[in-house]
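Coordinates from query-v1.cif are shown below (mmCIF, C-alpha atoms).
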```cif
data_protein
#
loop_
_atom_site.group_PDB
_atom_site.id
_atom_site.type_symbol
_atom_site.label_atom_id
_atom_site.label_comp_id
_atom_site.auth_asym_id
_atom_site.auth_seq_id
_atom_site.Cartn_x
_atom_site.Cartn_y
_atom_site.Cartn_z
ATOM 1 C CA MET W 675 -27.330 -1.911 -24.829
ATOM 2 C CA ALA W 676 -29.075 -2.059 -21.480
ATOM 3 C CA GLN W 677 -28.443 0.835 -19.114
ATOM 4 C CA PRO W 678 -26.406 0.002 -16.016
ATOM 5 C CA ALA W 679 -27.364 0.450 -12.431
ATOM 6 C CA GLY W 680 -25.739 3.384 -10.679
ATOM 7 C CA ASP W 681 -22.259 2.974 -9.252
ATOM 8 C CA THR W 682 -23.610 3.040 -5.704
ATOM 9 C CA GLU W 683 -25.944 0.127 -6.331
ATOM 10 C CA PHE W 684 -23.277 -1.788 -8.255
ATOM 11 C CA VAL W 685 -20.698 -1.367 -5.510
ATOM 12 C CA ALA W 686 -23.260 -2.356 -2.900
ATOM 13 C CA ARG W 687 -23.976 -5.568 -4.808
ATOM 14 C CA LEU W 688 -20.250 -6.318 -4.920
ATOM 15 C CA ARG W 689 -19.825 -5.632 -1.224
ATOM 16 C CA ALA W 690 -22.801 -7.856 -0.415
ATOM 17 C CA HIS W 691 -20.593 -10.830 -1.266
ATOM 18 C CA SER W 692 -19.021 -10.438 2.166
ATOM 19 C CA ARG W 693 -21.805 -12.788 3.279
ATOM 20 C CA LYS W 694 -20.267 -15.474 1.040
ATOM 21 C CA TYR W 695 -16.665 -14.856 2.063
ATOM 22 C CA HIS W 696 -14.733 -17.781 3.477
ATOM 23 C CA ASP W 697 -14.419 -16.249 6.924
ATOM 24 C CA GLN W 698 -17.991 -17.531 7.377
ATOM 25 C CA HIS W 699 -16.922 -21.133 6.708
ATOM 26 C CA PRO W 700 -17.251 -23.411 9.776
ATOM 27 C CA PHE W 701 -13.569 -24.373 9.638
ATOM 28 C CA HIS W 702 -12.545 -20.724 9.588
ATOM 29 C CA VAL W 703 -14.944 -19.918 12.420
ATOM 30 C CA ARG W 704 -13.382 -22.695 14.497
ATOM 31 C CA MET W 705 -9.912 -21.424 13.645
ATOM 32 C CA ASN W 706 -10.697 -17.917 14.886
ATOM 33 C CA ALA W 707 -12.301 -19.360 18.004
ATOM 34 C CA GLY W 708 -9.077 -21.185 18.863
ATOM 35 C CA GLU W 709 -10.642 -24.622 18.395
ATOM 36 C CA LEU W 710 -8.194 -26.127 15.893
ATOM 37 C CA SER W 711 -5.562 -28.645 16.904
ATOM 38 C CA PRO W 712 -1.961 -28.063 15.828
ATOM 39 C CA GLN W 713 -2.423 -30.757 13.162
ATOM 40 C CA GLN W 714 -5.518 -29.057 11.759
ATOM 41 C CA LEU W 715 -3.815 -25.669 11.692
ATOM 42 C CA ARG W 716 -0.803 -27.112 9.918
ATOM 43 C CA GLY W 717 -3.155 -28.715 7.374
ATOM 44 C CA TRP W 718 -4.705 -25.336 6.670
ATOM 45 C CA ILE W 719 -1.314 -23.645 6.339
ATOM 46 C CA ALA W 720 0.011 -26.343 3.986
ATOM 47 C CA ASN W 721 -3.027 -26.367 1.691
ATOM 48 C CA ARG W 722 -3.473 -22.620 1.690
ATOM 49 C CA PHE W 723 0.172 -22.313 0.619
ATOM 50 C CA TYR W 724 -0.790 -23.637 -2.821
ATOM 51 C CA TYR W 725 -3.146 -20.678 -3.174
ATOM 52 C CA GLN W 726 -0.423 -18.279 -2.022
ATOM 53 C CA GLU W 727 1.909 -19.654 -4.675
ATOM 54 C CA ILE W 728 -0.483 -18.954 -7.560
ATOM 55 C CA ILE W 729 -1.244 -15.351 -6.579
ATOM 56 C CA PRO W 730 1.616 -13.813 -8.602
ATOM 57 C CA ARG W 731 0.800 -16.125 -11.494
ATOM 58 C CA LYS W 732 -2.853 -15.030 -11.579
ATOM 59 C CA ASP W 733 -1.718 -11.410 -11.364
ATOM 60 C CA GLY W 734 0.657 -12.067 -14.236
ATOM 61 C CA ALA W 735 -2.270 -13.475 -16.218
ATOM 62 C CA ILE W 736 -4.266 -10.311 -15.572
ATOM 63 C CA LEU W 737 -1.318 -8.167 -16.657
ATOM 64 C CA SER W 738 -0.845 -10.157 -19.850
ATOM 65 C CA ASN W 739 -4.467 -9.569 -20.862
ATOM 66 C CA CYS W 740 -4.756 -5.943 -19.727
ATOM 67 C CA PRO W 741 -4.374 -3.268 -22.461
ATOM 68 C CA ASP W 742 -4.356 -0.300 -20.039
ATOM 69 C CA PRO W 743 -0.771 0.731 -19.125
ATOM 70 C CA GLU W 744 -1.914 2.727 -16.093
ATOM 71 C CA VAL W 745 -3.645 -0.322 -14.645
ATOM 72 C CA ARG W 746 -0.572 -2.444 -15.372
ATOM 73 C CA ARG W 747 1.757 0.039 -13.661
ATOM 74 C CA ARG W 748 -0.215 -0.216 -10.440
ATOM 75 C CA TRP W 749 -1.186 -3.890 -10.674
ATOM 76 C CA ILE W 750 2.374 -5.135 -11.027
ATOM 77 C CA ARG W 751 3.056 -4.167 -7.425
ATOM 78 C CA ARG W 752 0.961 -7.158 -6.369
ATOM 79 C CA ILE W 753 3.521 -9.503 -7.915
ATOM 80 C CA THR W 754 6.354 -7.752 -6.100
ATOM 81 C CA ASP W 755 4.417 -7.990 -2.844
ATOM 82 C CA HIS W 756 4.228 -11.771 -3.127
ATOM 83 C CA ASP W 757 7.494 -12.620 -4.902
ATOM 84 C CA GLY W 758 9.601 -9.894 -3.335
ATOM 85 C CA THR W 759 12.423 -8.151 -5.164
ATOM 86 C CA ALA W 760 15.064 -10.577 -3.890
ATOM 87 C CA GLU W 761 15.303 -13.994 -2.317
ATOM 88 C CA GLY W 762 13.938 -14.095 1.199
ATOM 89 C CA GLU W 763 11.340 -11.356 0.608
ATOM 90 C CA GLY W 764 7.646 -11.223 -0.193
ATOM 91 C CA GLY W 765 4.397 -12.824 0.814
ATOM 92 C CA ILE W 766 5.255 -16.342 -0.320
ATOM 93 C CA GLU W 767 8.390 -16.247 1.818
ATOM 94 C CA ALA W 768 6.327 -14.912 4.717
ATOM 95 C CA TRP W 769 3.912 -17.843 4.354
ATOM 96 C CA LEU W 770 6.813 -20.296 4.389
ATOM 97 C CA ARG W 771 7.946 -18.697 7.641
ATOM 98 C CA LEU W 772 4.428 -19.071 9.013
ATOM 99 C CA GLY W 773 4.655 -22.775 8.208
ATOM 100 C CA GLU W 774 8.001 -23.049 9.948
ATOM 101 C CA ALA W 775 6.655 -21.230 13.000
ATOM 102 C CA ALA W 776 3.805 -23.761 13.105
ATOM 103 C CA GLY W 777 6.137 -26.768 12.867
ATOM 104 C CA LEU W 778 6.220 -27.432 9.120
ATOM 105 C CA ASN W 779 9.501 -27.418 7.236
ATOM 106 C CA ARG W 780 9.906 -25.703 3.887
ATOM 107 C CA GLU W 781 10.351 -28.899 1.956
ATOM 108 C CA GLU W 782 6.965 -30.291 2.917
ATOM 109 C CA LEU W 783 5.294 -27.045 1.897
ATOM 110 C CA LEU W 784 7.179 -26.676 -1.368
ATOM 111 C CA ASP W 785 6.719 -30.283 -2.487
ATOM 112 C CA HIS W 786 2.974 -30.154 -1.698
ATOM 113 C CA ARG W 787 2.959 -33.487 0.114
ATOM 114 C CA HIS W 788 0.034 -32.335 2.259
ATOM 115 C CA LEU W 789 -1.974 -30.819 -0.608
ATOM 116 C CA VAL W 790 -5.358 -32.507 -1.021
ATOM 117 C CA PRO W 791 -7.013 -32.920 -4.454
ATOM 118 C CA GLY W 792 -9.951 -30.656 -3.693
ATOM 119 C CA ALA W 793 -7.676 -27.792 -2.697
ATOM 120 C CA ARG W 794 -5.554 -28.251 -5.802
ATOM 121 C CA PHE W 795 -8.651 -28.285 -8.014
ATOM 122 C CA ALA W 796 -10.099 -25.105 -6.479
ATOM 123 C CA VAL W 797 -6.845 -23.165 -6.767
ATOM 124 C CA GLU W 798 -6.168 -24.249 -10.343
ATOM 125 C CA ALA W 799 -9.744 -23.383 -11.328
ATOM 126 C CA TYR W 800 -9.091 -19.840 -10.183
ATOM 127 C CA LEU W 801 -5.817 -19.619 -12.089
ATOM 128 C CA THR W 802 -7.534 -20.911 -15.230
ATOM 129 C CA PHE W 803 -10.284 -18.319 -14.793
ATOM 130 C CA THR W 804 -7.802 -15.439 -14.731
ATOM 131 C CA ARG W 805 -5.997 -16.779 -17.772
ATOM 132 C CA THR W 806 -9.088 -17.289 -19.905
ATOM 133 C CA ARG W 807 -11.701 -14.724 -18.886
ATOM 134 C CA PRO W 808 -11.710 -11.029 -19.906
ATOM 135 C CA TRP W 809 -9.192 -9.161 -17.807
ATOM 136 C CA VAL W 810 -11.765 -6.893 -16.157
ATOM 137 C CA GLU W 811 -13.666 -9.952 -14.919
ATOM 138 C CA SER W 812 -10.422 -11.281 -13.477
ATOM 139 C CA VAL W 813 -9.883 -7.964 -11.732
ATOM 140 C CA ALA W 814 -13.434 -8.194 -10.358
ATOM 141 C CA SER W 815 -12.724 -11.666 -9.017
ATOM 142 C CA SER W 816 -9.953 -10.187 -6.871
ATOM 143 C CA LEU W 817 -12.455 -7.999 -5.036
ATOM 144 C CA THR W 818 -12.665 -10.545 -2.248
ATOM 145 C CA GLU W 819 -9.873 -8.309 -0.915
ATOM 146 C CA LEU W 820 -12.596 -5.825 -0.009
ATOM 147 C CA PHE W 821 -13.311 -8.133 2.908
ATOM 148 C CA ALA W 822 -9.707 -9.158 3.643
ATOM 149 C CA PRO W 823 -8.553 -6.374 6.004
ATOM 150 C CA ASP W 824 -11.168 -7.242 8.626
ATOM 151 C CA LEU W 825 -10.450 -10.950 8.173
ATOM 152 C CA MET W 826 -6.705 -10.416 8.583
ATOM 153 C CA ALA W 827 -7.145 -8.314 11.694
ATOM 154 C CA GLU W 828 -9.414 -10.943 13.245
ATOM 155 C CA ARG W 829 -7.114 -13.776 12.211
ATOM 156 C CA LEU W 830 -4.042 -12.051 13.603
ATOM 157 C CA ALA W 831 -5.793 -11.417 16.905
ATOM 158 C CA ALA W 832 -7.023 -15.025 17.029
ATOM 159 C CA PHE W 833 -3.561 -16.462 16.383
ATOM 160 C CA GLU W 834 -1.979 -14.227 19.006
ATOM 161 C CA ARG W 835 -4.679 -15.117 21.536
ATOM 162 C CA HIS W 836 -5.252 -18.830 20.935
ATOM 163 C CA TYR W 837 -2.194 -20.273 19.173
ATOM 164 C CA THR W 838 0.579 -18.993 21.377
ATOM 165 C CA TRP W 839 2.730 -22.004 20.470
ATOM 166 C CA ILE W 840 3.335 -20.320 17.101
ATOM 167 C CA ASP W 841 6.289 -17.912 17.090
ATOM 168 C CA PRO W 842 4.778 -14.402 16.656
ATOM 169 C CA ALA W 843 7.439 -13.613 14.063
ATOM 170 C CA GLY W 844 5.711 -16.153 11.831
ATOM 171 C CA LEU W 845 2.597 -13.962 11.642
ATOM 172 C CA ALA W 846 4.277 -11.305 9.494
ATOM 173 C CA TYR W 847 2.206 -12.251 6.436
ATOM 174 C CA PHE W 848 -1.028 -11.280 8.172
ATOM 175 C CA ARG W 849 0.438 -7.992 9.397
ATOM 176 C CA ALA W 850 1.596 -7.025 5.896
ATOM 177 C CA ARG W 851 -1.821 -7.725 4.395
ATOM 178 C CA LEU W 852 -3.445 -5.255 6.800
ATOM 179 C CA GLU W 853 -1.884 -2.527 4.650
ATOM 180 C CA GLN W 854 -1.697 -4.248 1.275
ATOM 181 C CA ALA W 855 -5.271 -5.543 1.031
ATOM 182 C CA PRO W 856 -7.010 -2.141 1.383
ATOM 183 C CA ARG W 857 -4.653 -0.618 -1.180
ATOM 184 C CA ASP W 858 -5.215 -3.472 -3.626
ATOM 185 C CA SER W 859 -8.981 -3.610 -3.209
ATOM 186 C CA GLU W 860 -9.296 0.159 -3.639
ATOM 187 C CA HIS W 861 -7.462 -0.035 -6.955
ATOM 188 C CA ALA W 862 -9.428 -3.051 -8.172
ATOM 189 C CA LEU W 863 -12.708 -1.343 -7.299
ATOM 190 C CA GLU W 864 -11.616 1.756 -9.222
ATOM 191 C CA VAL W 865 -10.877 -0.381 -12.283
ATOM 192 C CA VAL W 866 -14.129 -2.317 -12.135
ATOM 193 C CA THR W 867 -16.303 0.770 -11.706
ATOM 194 C CA GLN W 868 -14.404 2.530 -14.508
ATOM 195 C CA TYR W 869 -14.718 -0.289 -17.030
ATOM 196 C CA CYS W 870 -18.007 -1.956 -16.077
ATOM 197 C CA LEU W 871 -20.444 0.638 -17.378
ATOM 198 C CA SER W 872 -23.141 -1.560 -18.871
ATOM 199 C CA THR W 873 -25.651 -3.775 -17.135
ATOM 200 C CA GLU W 874 -24.050 -6.777 -18.821
ATOM 201 C CA SER W 875 -20.498 -5.950 -17.778
ATOM 202 C CA GLN W 876 -21.591 -5.253 -14.212
ATOM 203 C CA ALA W 877 -23.408 -8.583 -14.074
ATOM 204 C CA ALA W 878 -20.254 -10.303 -15.370
ATOM 205 C CA ALA W 879 -18.173 -8.609 -12.670
ATOM 206 C CA ILE W 880 -20.593 -9.730 -9.963
ATOM 207 C CA ASP W 881 -20.525 -13.278 -11.335
ATOM 208 C CA ALA W 882 -16.707 -13.208 -11.306
ATOM 209 C CA LEU W 883 -16.645 -12.156 -7.665
ATOM 210 C CA SER W 884 -19.194 -14.843 -6.818
ATOM 211 C CA PHE W 885 -16.990 -17.421 -8.548
ATOM 212 C CA LYS W 886 -13.975 -16.334 -6.489
ATOM 213 C CA CYS W 887 -15.993 -16.637 -3.290
ATOM 214 C CA ASP W 888 -16.947 -20.165 -4.374
ATOM 215 C CA VAL W 889 -13.277 -20.984 -5.009
ATOM 216 C CA LEU W 890 -12.266 -19.894 -1.526
ATOM 217 C CA TRP W 891 -15.205 -21.708 0.064
ATOM 218 C CA SER W 892 -14.389 -24.889 -1.865
ATOM 219 C CA LEU W 893 -10.787 -24.620 -0.719
ATOM 220 C CA MET W 894 -11.980 -24.468 2.879
ATOM 221 C CA ASP W 895 -14.336 -27.418 2.286
ATOM 222 C CA ALA W 896 -11.414 -29.514 1.034
ATOM 223 C CA ILE W 897 -9.248 -28.568 4.015
ATOM 224 C CA ASP W 898 -12.082 -29.224 6.454
ATOM 225 C CA ARG W 899 -12.628 -32.749 5.098
ATOM 226 C CA ALA W 900 -8.908 -33.509 5.093
ATOM 227 C CA CYS W 901 -8.335 -32.186 8.632
ATOM 228 C CA PRO W 902 -11.234 -33.493 10.748
ATOM 229 C CA GLN W 903 -11.549 -32.718 14.426
#
```
Would you mind giving the structure from this file in structure tokens?
Amino acid sequence: MAQPAGDTEFVARLRAHSRKYHDQHPFHVRMNAGELSPQQLRGWIANRFYYQEIIPRKDGAILSNCPDPEVRRRWIRRITDHDGTAEGEGGIEAWLRLGEAAGLNREELLDHRHLVPGARFAVEAYLTFTRTRPWVESVASSLTELFAPDLMAERLAAFERHYTWIDPAGLAYFRARLEQAPRDSEHALEVVTQYCLSTESQAAAIDALSFKCDVLWSLMDAIDRACPQ
């Protein structure tokens, strides 16, 4: 078996994917610059909601394939974060409230009437990946969260500065992720560096993270085409 690169080099190669993260997408750049119309912002919220909905399902897929009880004990918190422990809690609920604050009602988010085919395809491709690929690769794909805290902080500041017509209470999802994303990415990085000890497994982890970046970029492409200026 080929010898792996050192952990430092491996982690650096993972972190280098920040250059492919969807905060670099032109639509996202315009959003942070305050250049989106209310209709465009609502289109982003509605299509991104489909991604939010599958997060606990992809985490459930990772749990179902993971043989390590210690990983499962920590990973399951992600599902609780998004589903909550009771009705009216969790990240999915917080995203619904974001939609309401932006002028969308729950029904039009939940029935996906604004969901465009390209967004659906990208999100379902990611869910299929986590169900069918080795669990460590699925964990590696989640490492986009390494870049999420900075994105969330910038997004929150942009919404508060430029989109003042949105009730600030609707931004609770972004505030929660400022704490959750670093915790989650730290754990995922621990798992990947613990289990990816060969050159081949490290290459597979890097490919998985690249795939996830492509999913998020494709999602933004679909939204951008569906919500022109």
Note to self: Considering only C-alpha atoms, can you say which of W:Leu871, W:Val810, W:Ile897, W:Cys887 comes closest to Lys694 (chain W)?
What the structure shows: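 Among the listed residues, W:Cys887 lies closest to Lys694 (chain W).
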Next item on the list: Quick one: apply the PyMOL selection byres ((chain W and resi 815) around 6) to the file and drop the selected residues here as a list of chain:residue names.
Entry: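 What the PyMOL selection byres ((chain W and resi 815) around 6) grabs from the file is W:Ser812, W:Val813, W:Ala814, W:Ser816, W:Leu817, W:Ala882, W:Leu883, W:Lys886.
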Check: Smallest atom-to-atom distance to Phe701 (chain W): which of W:Gln713, W:Gln903, W:Asn721, W:Asn779, using only C-alpha atoms?
Finding: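 Among the listed residues, W:Gln903 lies closest to Phe701 (chain W).
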Margin query: One decimal, in Å: what's the spacing between CA of Pro712 (chain W) and CA of Ala776 (chain W)?
Written below: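 That distance, rounded to one decimal, is 7.7 Å.
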Margin query: Could you tell me, as a ChimeraX atom specification, exactly which residues end up selected when the PyMOL selection byres ((chain W and resi 847) around 10) is applied to this structure?
Written below: /W:756,764-772,826,830,843-846,848-852
Edge lengths and centre in Å to one decimal, as JSON, is what I'm after for the box along x, y and z that holds all listed atoms of region 724-740 of chain W once 8 Å is added on each side.
```
{"center_x": -1.4, "center_y": -14.8, "center_z": -11.4, "size_x": 22.7, "size_y": 33.7, "size_z": 34.8}
```
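Nearest to Leu715 (chain W) of all the residues W:Ile840, W:Leu893, W:Cys740, W:Val797 is W:Ile840, counting only C-alpha atoms.
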Checklist line | Matched chain/residue IDs from the PyMOL selection byres ((chain W and resi 731) around 12), as a list of chain:residue names | finding: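 So the PyMOL selection byres ((chain W and resi 731) around 12), applied here, picks out W:Tyr724, W:Tyr725, W:Gln726, W:Glu727, W:Ile728, W:Ile729, W:Pro730, W:Lys732, W:Asp733, W:Gly734, W:Ala735, W:Ile736, W:Leu737, W:Ser738, W:Ile750, W:Arg752, W:Ile753, W:Thr754, W:His756, W:Asp757, W:Val797, W:Glu798, W:Tyr800, W:Leu801, W:Thr802, W:Phe803, W:Thr804, W:Arg805.
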Notebook entry, point to check: Any idea what the distance is between CA of Leu825 (chain W) and CA of Asp697 (chain W)?
Noted result: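 Separating CA of Leu825 (chain W) from CA of Asp697 (chain W) is a distance of 6.7 Å.
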